[in-house]
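Listing of model_24.txt; format and content: compact mmCIF, C-alpha atoms.
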```
# COMPACT_ATOMS: atom_id res chain seq x y z
CA MET A 26 0.00 0.00 0.00
CA THR A 27 1.28 3.47 -0.89
CA LEU A 28 1.82 6.06 1.81
CA TYR A 29 -1.16 8.01 0.48
CA GLY A 30 -3.41 4.97 0.89
CA GLN A 31 -2.49 4.60 4.57
CA PHE A 32 -4.06 7.88 5.71
CA SER A 33 -7.65 8.96 5.23
CA ASN A 34 -6.96 12.67 5.77
CA GLU A 35 -4.21 15.22 6.13
CA ALA A 36 -4.58 15.57 9.91
CA LEU A 37 -3.79 11.87 10.44
CA PHE A 38 -0.87 12.07 8.04
CA ARG A 39 0.57 15.04 9.95
CA GLU A 40 0.12 13.52 13.41
CA LYS A 41 0.82 9.83 12.78
CA PHE A 42 3.57 10.05 10.17
CA VAL A 43 5.18 13.44 9.59
CA LYS A 44 5.64 14.51 13.22
CA PRO A 45 7.15 11.15 14.35
CA LEU A 46 9.38 11.14 11.26
CA LEU A 47 10.76 14.61 12.02
CA ASN A 48 11.54 13.51 15.57
CA LYS A 49 13.23 10.30 14.37
CA LEU A 50 15.35 12.30 11.93
CA GLY A 51 16.78 14.33 14.82
CA PHE A 52 14.89 17.62 14.54
CA PHE A 53 13.73 19.06 17.85
CA LEU A 54 10.98 21.32 19.18
CA VAL A 55 8.79 19.95 16.40
CA THR A 56 5.63 22.05 16.71
CA ASP A 57 2.33 21.68 14.86
CA TYR A 58 1.35 25.16 13.64
CA HIS A 59 -1.56 24.06 11.46
CA GLY A 60 -4.63 26.25 11.74
CA ARG A 61 -3.28 28.85 14.16
CA ARG A 62 -1.73 31.75 12.26
CA GLU A 63 0.37 29.21 10.43
CA PHE A 64 1.24 31.49 7.51
CA GLY A 65 2.03 28.55 5.25
CA LYS A 66 3.73 26.46 7.94
CA ASP A 67 2.03 23.27 9.14
CA PHE A 68 5.16 22.50 11.21
CA VAL A 69 8.07 24.51 12.51
CA PHE A 70 11.13 22.81 14.00
CA LEU A 71 14.82 23.29 14.71
CA GLU A 72 17.94 21.57 13.46
CA LEU A 73 21.30 21.75 15.22
CA HIS A 74 24.28 22.16 12.91
CA ARG A 75 27.94 23.17 13.25
CA PHE A 76 27.25 26.90 13.49
CA GLY A 77 24.15 26.89 15.67
CA LEU A 78 20.45 26.41 15.00
CA ARG A 79 18.65 26.22 11.69
CA HIS A 80 14.96 27.14 11.72
CA CYS A 81 12.77 25.06 9.41
CA GLY A 82 9.17 24.96 8.30
CA ALA A 83 7.04 22.42 6.46
CA GLN A 84 3.78 22.35 4.55
CA VAL A 85 2.01 18.97 4.55
CA LYS A 86 -0.31 17.69 1.82
CA ASN A 87 -2.25 14.45 1.63
CA LYS A 88 -2.99 14.33 -2.09
CA LYS A 89 -2.76 11.37 -4.43
CA THR A 90 -0.89 13.53 -6.93
CA ILE A 91 0.24 17.16 -7.00
CA GLY A 92 0.19 18.36 -10.59
CA LEU A 93 0.18 21.65 -12.44
CA GLY A 94 -2.51 24.10 -11.46
CA ARG A 95 -4.21 25.25 -8.28
CA THR A 96 -2.16 23.26 -5.75
CA VAL A 97 1.14 24.60 -7.09
CA ASP A 98 -0.26 28.14 -6.93
CA GLU A 99 -1.33 27.53 -3.31
CA LEU A 100 2.10 26.17 -2.43
CA LEU A 101 3.76 29.28 -3.82
CA ILE A 102 1.58 31.41 -1.52
CA ASP A 103 2.42 29.12 1.43
CA ILE A 104 6.15 29.43 0.71
CA GLU A 105 5.98 33.22 0.41
CA GLN A 106 4.07 33.52 3.71
CA ALA A 107 6.31 31.00 5.47
CA PHE A 108 9.50 32.96 4.75
CA SER A 109 7.94 36.39 5.30
CA ASN A 110 6.28 35.82 8.70
CA PRO A 111 8.20 35.12 11.92
CA PHE A 112 7.17 32.53 14.49
CA LYS A 113 7.79 31.56 18.10
CA LEU A 114 8.25 28.05 19.46
CA PRO A 115 7.04 26.88 22.89
CA ASP A 116 9.76 27.18 25.58
CA TYR A 117 11.89 29.06 23.06
CA ASN A 118 10.70 32.63 23.44
CA GLN A 119 12.47 34.09 20.46
CA GLU A 120 10.92 35.43 17.31
CA SER A 121 12.54 33.66 14.37
CA TYR A 122 12.33 33.30 10.60
CA ILE A 123 12.70 30.00 8.77
CA SER A 124 15.71 29.41 6.55
CA ASP A 125 14.55 26.10 5.04
CA PHE A 126 11.12 24.97 3.90
CA TYR A 127 9.90 21.45 3.16
CA ILE A 128 6.86 20.33 1.19
CA PHE A 129 5.68 16.85 2.19
CA ASN A 130 3.04 15.04 0.15
CA SER A 131 1.86 11.53 0.95
CA GLY A 132 1.26 10.88 -2.74
CA GLY A 133 3.16 11.82 -5.89
CA ILE A 134 4.46 15.09 -7.28
CA THR A 135 4.57 15.20 -11.06
CA PRO A 136 7.80 16.27 -12.79
CA GLU A 137 5.91 19.11 -14.47
CA ALA A 138 4.72 20.43 -11.10
CA LYS A 139 8.26 20.26 -9.71
CA ASP A 140 9.70 22.05 -12.74
CA ASP A 141 7.06 24.76 -12.59
CA LEU A 142 7.49 25.34 -8.86
CA ILE A 143 11.30 25.41 -9.05
CA SER A 144 11.31 27.74 -12.05
CA ARG A 145 9.02 30.23 -10.34
CA LEU A 146 11.05 30.04 -7.11
CA ARG A 147 14.35 30.81 -8.84
CA LYS A 148 13.34 34.47 -8.85
CA LYS A 149 13.20 34.44 -5.04
CA ASN A 150 16.30 34.75 -2.85
CA TYR A 151 15.20 31.68 -0.87
CA GLY A 152 14.53 29.53 -3.93
CA ASN A 153 17.36 27.06 -3.24
CA ASN A 154 16.08 26.39 0.26
CA ILE A 155 12.88 24.61 -0.79
CA TYR A 156 12.70 20.81 -0.67
CA LEU A 157 9.96 18.71 -2.31
CA LEU A 158 9.42 15.22 -0.88
CA ASP A 159 6.81 12.86 -2.27
CA GLY A 160 5.35 9.73 -0.66
CA ASP A 161 8.05 7.37 -1.97
CA ARG A 162 10.85 9.56 -0.64
CA LEU A 163 9.13 10.02 2.72
CA ASP A 164 8.51 6.28 3.05
CA SER A 165 12.19 5.57 2.34
CA LEU A 166 13.29 8.17 4.89
CA ASN A 167 10.99 6.66 7.51
CA LYS A 168 12.36 3.17 6.92
CA TRP A 169 15.93 4.46 7.16
CA ALA A 170 15.20 6.40 10.39
CA THR A 171 13.44 3.38 11.91
CA TYR A 172 16.40 1.18 11.01
CA GLN A 173 18.85 3.60 12.63
CA ASN A 174 16.70 3.79 15.76
CA ASP A 175 16.32 0.00 15.99
CA LYS A 176 20.05 -0.45 15.37
CA ASN A 177 20.96 1.91 18.22
CA ILE A 178 18.49 0.24 20.58
CA ARG A 179 19.81 -3.24 19.70
CA GLN A 180 23.39 -2.11 20.31
CA ARG A 181 22.56 -0.69 23.74
CA LEU A 182 20.55 -3.75 24.75
CA SER A 183 23.29 -6.07 23.50
CA GLY A 184 25.92 -4.09 25.42
CA LEU A 185 23.96 -4.28 28.67
CA LYS A 186 23.27 -8.00 28.19
CA ASN A 187 26.97 -8.72 27.57
CA GLN A 188 27.95 -6.74 30.65
CA LEU A 189 25.47 -8.66 32.79
CA PHE A 190 26.81 -11.97 31.41
CA ILE A 191 30.42 -11.00 32.24
CA ASN A 192 29.44 -9.79 35.71
CA ILE A 193 27.62 -13.05 36.46
CA LYS A 194 30.87 -14.94 35.71
CA ILE A 195 32.84 -12.51 37.90
CA TRP A 196 30.40 -12.84 40.81
CA GLU A 197 30.32 -16.64 40.57
CA SER A 198 34.13 -16.72 40.67
CA MET A 199 34.21 -14.27 43.58
CA LYS A 200 31.68 -16.32 45.51
CA ARG A 201 33.73 -19.52 45.16
CA GLU A 202 36.83 -17.81 46.55
CA ILE A 203 34.98 -15.95 49.30
CA GLU A 204 33.38 -19.20 50.48
CA LYS A 205 36.97 -20.42 51.02
CA GLY A 206 37.68 -17.33 53.10
CA SER A 207 39.71 -15.62 50.36
CA PHE A 208 39.13 -12.32 48.58
CA ARG A 209 41.81 -12.89 45.92
CA GLU A 210 39.23 -13.01 43.08
CA ALA A 211 37.56 -9.78 44.18
CA ARG A 212 38.15 -8.05 40.85
CA GLY A 213 35.07 -5.86 40.91
CA ALA A 214 32.14 -5.76 38.50
CA PHE A 215 31.73 -3.74 35.29
CA LEU A 216 29.14 -1.08 36.10
CA PHE A 217 29.60 1.63 33.45
CA GLY A 218 26.99 0.18 31.07
CA ILE A 219 24.51 -0.26 33.92
CA GLU A 220 25.01 3.34 35.05
CA SER A 221 24.56 4.56 31.47
CA PHE A 222 21.35 2.54 31.12
CA LEU A 223 19.98 3.94 34.38
CA SER A 224 20.61 7.51 33.22
CA SER A 225 19.02 6.90 29.80
CA PRO A 226 16.64 3.93 30.05
CA ILE A 227 15.13 1.96 27.17
CA PHE A 228 11.79 0.15 27.63
CA PRO A 229 11.63 0.95 31.39
CA GLU A 230 8.24 -0.78 31.56
CA ARG A 231 9.90 -4.03 30.42
CA ILE A 232 13.43 -3.76 31.83
CA SER A 233 13.02 -2.96 35.52
CA GLN A 234 14.81 0.19 36.62
CA ASN A 235 14.37 -0.93 40.21
CA ASP A 236 16.15 -4.23 39.53
CA LEU A 237 18.98 -2.39 37.79
CA MET A 238 19.27 0.07 40.67
CA GLN A 239 19.30 -2.74 43.25
CA LEU A 240 21.94 -4.56 41.23
CA TRP A 241 24.11 -1.45 40.98
CA GLN A 242 23.82 -0.64 44.69
CA ASN A 243 24.55 -4.21 45.82
CA ALA A 244 27.52 -4.46 43.43
CA ARG A 245 28.98 -1.28 44.93
CA ILE A 246 28.61 -2.72 48.45
CA VAL A 247 30.31 -6.01 47.45
CA ASP A 248 33.16 -4.07 45.86
CA ALA A 249 33.56 -1.97 49.02
CA ILE A 250 33.74 -5.11 51.20
CA CYS A 251 36.30 -6.73 48.91
CA ASN A 252 38.42 -3.59 48.58
CA ARG A 253 38.88 -3.57 52.32
CA TYR A 254 40.94 -6.76 52.01
CA LEU A 255 42.61 -5.94 48.71
CA VAL A 256 44.24 -2.83 50.22
CA GLY A 257 45.39 -4.82 53.26
CA THR A 258 43.11 -3.35 55.93
CA LYS A 259 43.54 -5.31 59.16
CA VAL A 260 40.30 -6.69 60.58
CA ASN A 261 39.59 -9.24 63.31
CA GLU A 262 38.19 -12.68 62.50
CA GLU A 263 34.68 -11.85 63.68
CA ILE A 264 34.39 -8.92 61.28
CA LYS A 265 35.87 -11.03 58.46
CA LYS A 266 33.30 -13.78 59.06
CA GLN A 267 30.52 -11.21 58.90
CA ASP A 268 31.99 -9.71 55.72
CA ILE A 269 32.16 -13.16 54.13
CA LYS A 270 28.54 -13.86 55.06
CA SER A 271 27.33 -10.45 53.81
CA ALA A 272 29.31 -10.68 50.56
CA ILE A 273 27.96 -14.15 49.72
CA GLU A 274 24.37 -13.09 50.41
CA LEU A 275 24.75 -9.97 48.27
CA ILE A 276 26.40 -11.90 45.43
CA ASP A 277 23.50 -14.37 45.39
CA LYS A 278 21.12 -11.41 45.03
CA LEU A 279 23.30 -9.89 42.30
CA ILE A 280 23.30 -13.08 40.25
CA SER A 281 19.54 -13.43 40.68
CA TYR A 282 18.90 -9.82 39.54
CA ALA A 283 21.32 -10.20 36.63
CA ARG A 284 19.74 -13.42 35.35
CA LYS A 285 16.24 -11.92 35.51
CA LEU A 286 17.37 -8.78 33.67
CA PHE A 287 19.21 -10.91 31.11
CA VAL A 288 15.95 -12.73 30.27
CA ASP A 289 13.99 -9.45 30.14
CA ILE A 290 16.50 -7.97 27.66
CA GLU A 291 16.39 -11.08 25.46
CA ASN A 292 12.58 -10.94 25.40
CA VAL A 293 12.56 -7.24 24.40
CA THR A 294 15.24 -7.81 21.74
CA SER A 295 13.30 -10.68 20.19
CA GLU A 296 10.26 -8.41 19.71
CA LEU A 297 12.15 -5.65 17.89
CA LYS A 298 11.70 -5.38 14.15
CA PRO A 299 14.22 -7.49 12.22
CA LEU A 300 17.18 -5.49 10.92
```
Exercise: express the given structure as structure tokens:
Amino acid sequence: MTLYGQFSNEALFREKFVKPLLNKLGFFLVTDYHGRREFGKDFVFLELHRFGLRHCGAQVKNKKTIGLGRTVDELLIDIEQAFSNPFKLPDYNQESYISDFYIFNSGGITPEAKDDLISRLRKKNYGNNIYLLDGDRLDSLNKWATYQNDKNIRQRLSGLKNQLFINIKIWESMKREIEKGSFREARGAFLFGIESFLSSPIFPERISQNDLMQLWQNARIVDAICNRYLVGTKVNEEIKKQDIKSAIELIDKLISYARKLFVDIENVTSELKPL
């Protein structure tokens, strides 16, 4: 089914496709301006580039085909208004003018319509800053953006899963030595990936932030107990026995949390779209 055939009206196309696509492509403060002093701009949004911020606008159409005639004339008016009238974004209280303008149509744009529009825009000083994207191009962009998003998510999930797997092996080895009364294998766990995941979670409703936090806290406590002996701190036998008991109990909890999280991550990964 073509992109045009997926949406019954322009409002749905704007809300369900264009806005999510702009967000996936990395634009920010994507704001729907349709119907409220839009002056040719259905959307306004910002793009960060090497020298600061670029202000962009977009006009959205949901037509099977844009050809020569009335629609092209209307687009020319939209473009003129879009560049001539300033706008303000929420939480960004600065009056700005757009420097780039996009025309999105869910259907096709005929070559004749493109040629006519471009020829008439060449007389304007903003003529080279207009971009025409038809349904096929938009669909391809959406697939590419979805792939990049899925790829990043898979990489982060895979990294966390690998770190949990390595830590389980470390904790199992530590436990065997500690049960013998030795802290020689107290190498410490890898926690950077866990800390990164806690600060920027993915699927928090499926991968428990509480379990990750408990794992991180308990791992820090085990490391603190073990470091006491690695640096040669002198302790009496009673304290050492208590440390051994506490460390073993905490390690059992760590392994249990890690195994549960490992399964949760595998389940989430298996449900992601195939690459």
Discussion item. Restricting the calculation to only C-alpha atoms: of A:Tyr29, A:Tyr282, A:Phe68, A:Phe129, which residue gets closest to Leu166 in chain A?
Written reply: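 With only C-alpha atoms as the atom set, the closest residue is A:Phe129.
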Worksheet item: Mind pulling up the distance from CA of Ile273 in chain A to CA of Arg201 in chain A?
Response: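 One can read the CA of Arg201 in chain A to CA of Ile273 in chain A distance as 9.1 Å.
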Practice prompt. Using only C-alpha atoms, determine which residues lie at most 9 Å from Asp236 in chain A, disregarding the query and same-chain residues fewer than 2 positions distant; provide the list as a PyMOL selection string.
Written response: chain A and resi 232-234+238-241+282-283+285-286
With 3 Å added on each side, what axis-aligned box encloses every listed atom of range 216-221 of chain A? Give the centre and edge lengths in Å to one decimal, as lines of an AutoDock Vina configuration file.
```
center_x = 27.1
center_y = 1.7
center_z = 33.6
size_x = 11.1
size_y = 11.6
size_z = 11.0
```
Discussion item. Just checking: using all atoms listed in the file, which residue out of A:Gly60, A:Gly92, A:Gly160, A:Gly51 ends up closest to His74 in chain A?
Written reply: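 Answer, going by the shortest atom-to-atom distance: A:Gly51.
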Discussion item. I'd like to know which of A:Lys113, A:Asn130, A:Lys194, A:Leu100 is closest to Ile143 in chain A, using all atoms listed in the file.
Written reply: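 That would be A:Leu100, the residue with the smallest distance to Ile143 in chain A.
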Could you add the missing atoms to range 75-87 of chain A, up to N, CA and C atoms, and return them as a PDB file, in the frame of the given file?
```pdb
ATOM      1  N   ARG A  75      26.636  22.763  12.722  1.00  0.00           N
ATOM      2  CA  ARG A  75      27.940  23.170  13.250  1.00  0.00           C
ATOM      3  C   ARG A  75      27.970  24.610  13.744  1.00  0.00           C
ATOM      4  N   PHE A  76      27.182  25.486  13.151  1.00  0.00           N
ATOM      5  CA  PHE A  76      27.250  26.900  13.490  1.00  0.00           C
ATOM      6  C   PHE A  76      26.043  27.393  14.292  1.00  0.00           C
ATOM      7  N   GLY A  77      25.281  26.478  14.850  1.00  0.00           N
ATOM      8  CA  GLY A  77      24.150  26.890  15.670  1.00  0.00           C
ATOM      9  C   GLY A  77      22.862  26.195  15.284  1.00  0.00           C
ATOM     10  N   LEU A  78      21.769  26.974  15.271  1.00  0.00           N
ATOM     11  CA  LEU A  78      20.450  26.410  15.000  1.00  0.00           C
ATOM     12  C   LEU A  78      19.934  26.853  13.635  1.00  0.00           C
ATOM     13  N   ARG A  79      19.329  25.926  12.945  1.00  0.00           N
ATOM     14  CA  ARG A  79      18.650  26.220  11.690  1.00  0.00           C
ATOM     15  C   ARG A  79      17.148  26.101  11.920  1.00  0.00           C
ATOM     16  N   HIS A  80      16.409  27.119  11.524  1.00  0.00           N
ATOM     17  CA  HIS A  80      14.960  27.140  11.720  1.00  0.00           C
ATOM     18  C   HIS A  80      14.285  26.662  10.438  1.00  0.00           C
ATOM     19  N   CYS A  81      13.401  25.697  10.582  1.00  0.00           N
ATOM     20  CA  CYS A  81      12.770  25.060   9.410  1.00  0.00           C
ATOM     21  C   CYS A  81      11.249  25.107   9.525  1.00  0.00           C
ATOM     22  N   GLY A  82      10.616  25.064   8.363  1.00  0.00           N
ATOM     23  CA  GLY A  82       9.170  24.960   8.300  1.00  0.00           C
ATOM     24  C   GLY A  82       8.764  23.906   7.289  1.00  0.00           C
ATOM     25  N   ALA A  83       7.518  23.440   7.388  1.00  0.00           N
ATOM     26  CA  ALA A  83       7.040  22.420   6.460  1.00  0.00           C
ATOM     27  C   ALA A  83       5.553  22.626   6.188  1.00  0.00           C
ATOM     28  N   GLN A  84       5.178  22.380   4.962  1.00  0.00           N
ATOM     29  CA  GLN A  84       3.780  22.350   4.550  1.00  0.00           C
ATOM     30  C   GLN A  84       3.453  20.899   4.191  1.00  0.00           C
ATOM     31  N   VAL A  85       2.361  20.383   4.717  1.00  0.00           N
ATOM     32  CA  VAL A  85       2.010  18.970   4.550  1.00  0.00           C
ATOM     33  C   VAL A  85       0.764  18.847   3.685  1.00  0.00           C
ATOM     34  N   LYS A  86       0.837  17.973   2.680  1.00  0.00           N
ATOM     35  CA  LYS A  86      -0.310  17.690   1.820  1.00  0.00           C
ATOM     36  C   LYS A  86      -0.578  16.182   1.832  1.00  0.00           C
ATOM     37  N   ASN A  87      -1.846  15.859   1.711  1.00  0.00           N
ATOM     38  CA  ASN A  87      -2.250  14.450   1.630  1.00  0.00           C
ATOM     39  C   ASN A  87      -3.047  14.256   0.337  1.00  0.00           C
TER      40      ASN A  87
END
```
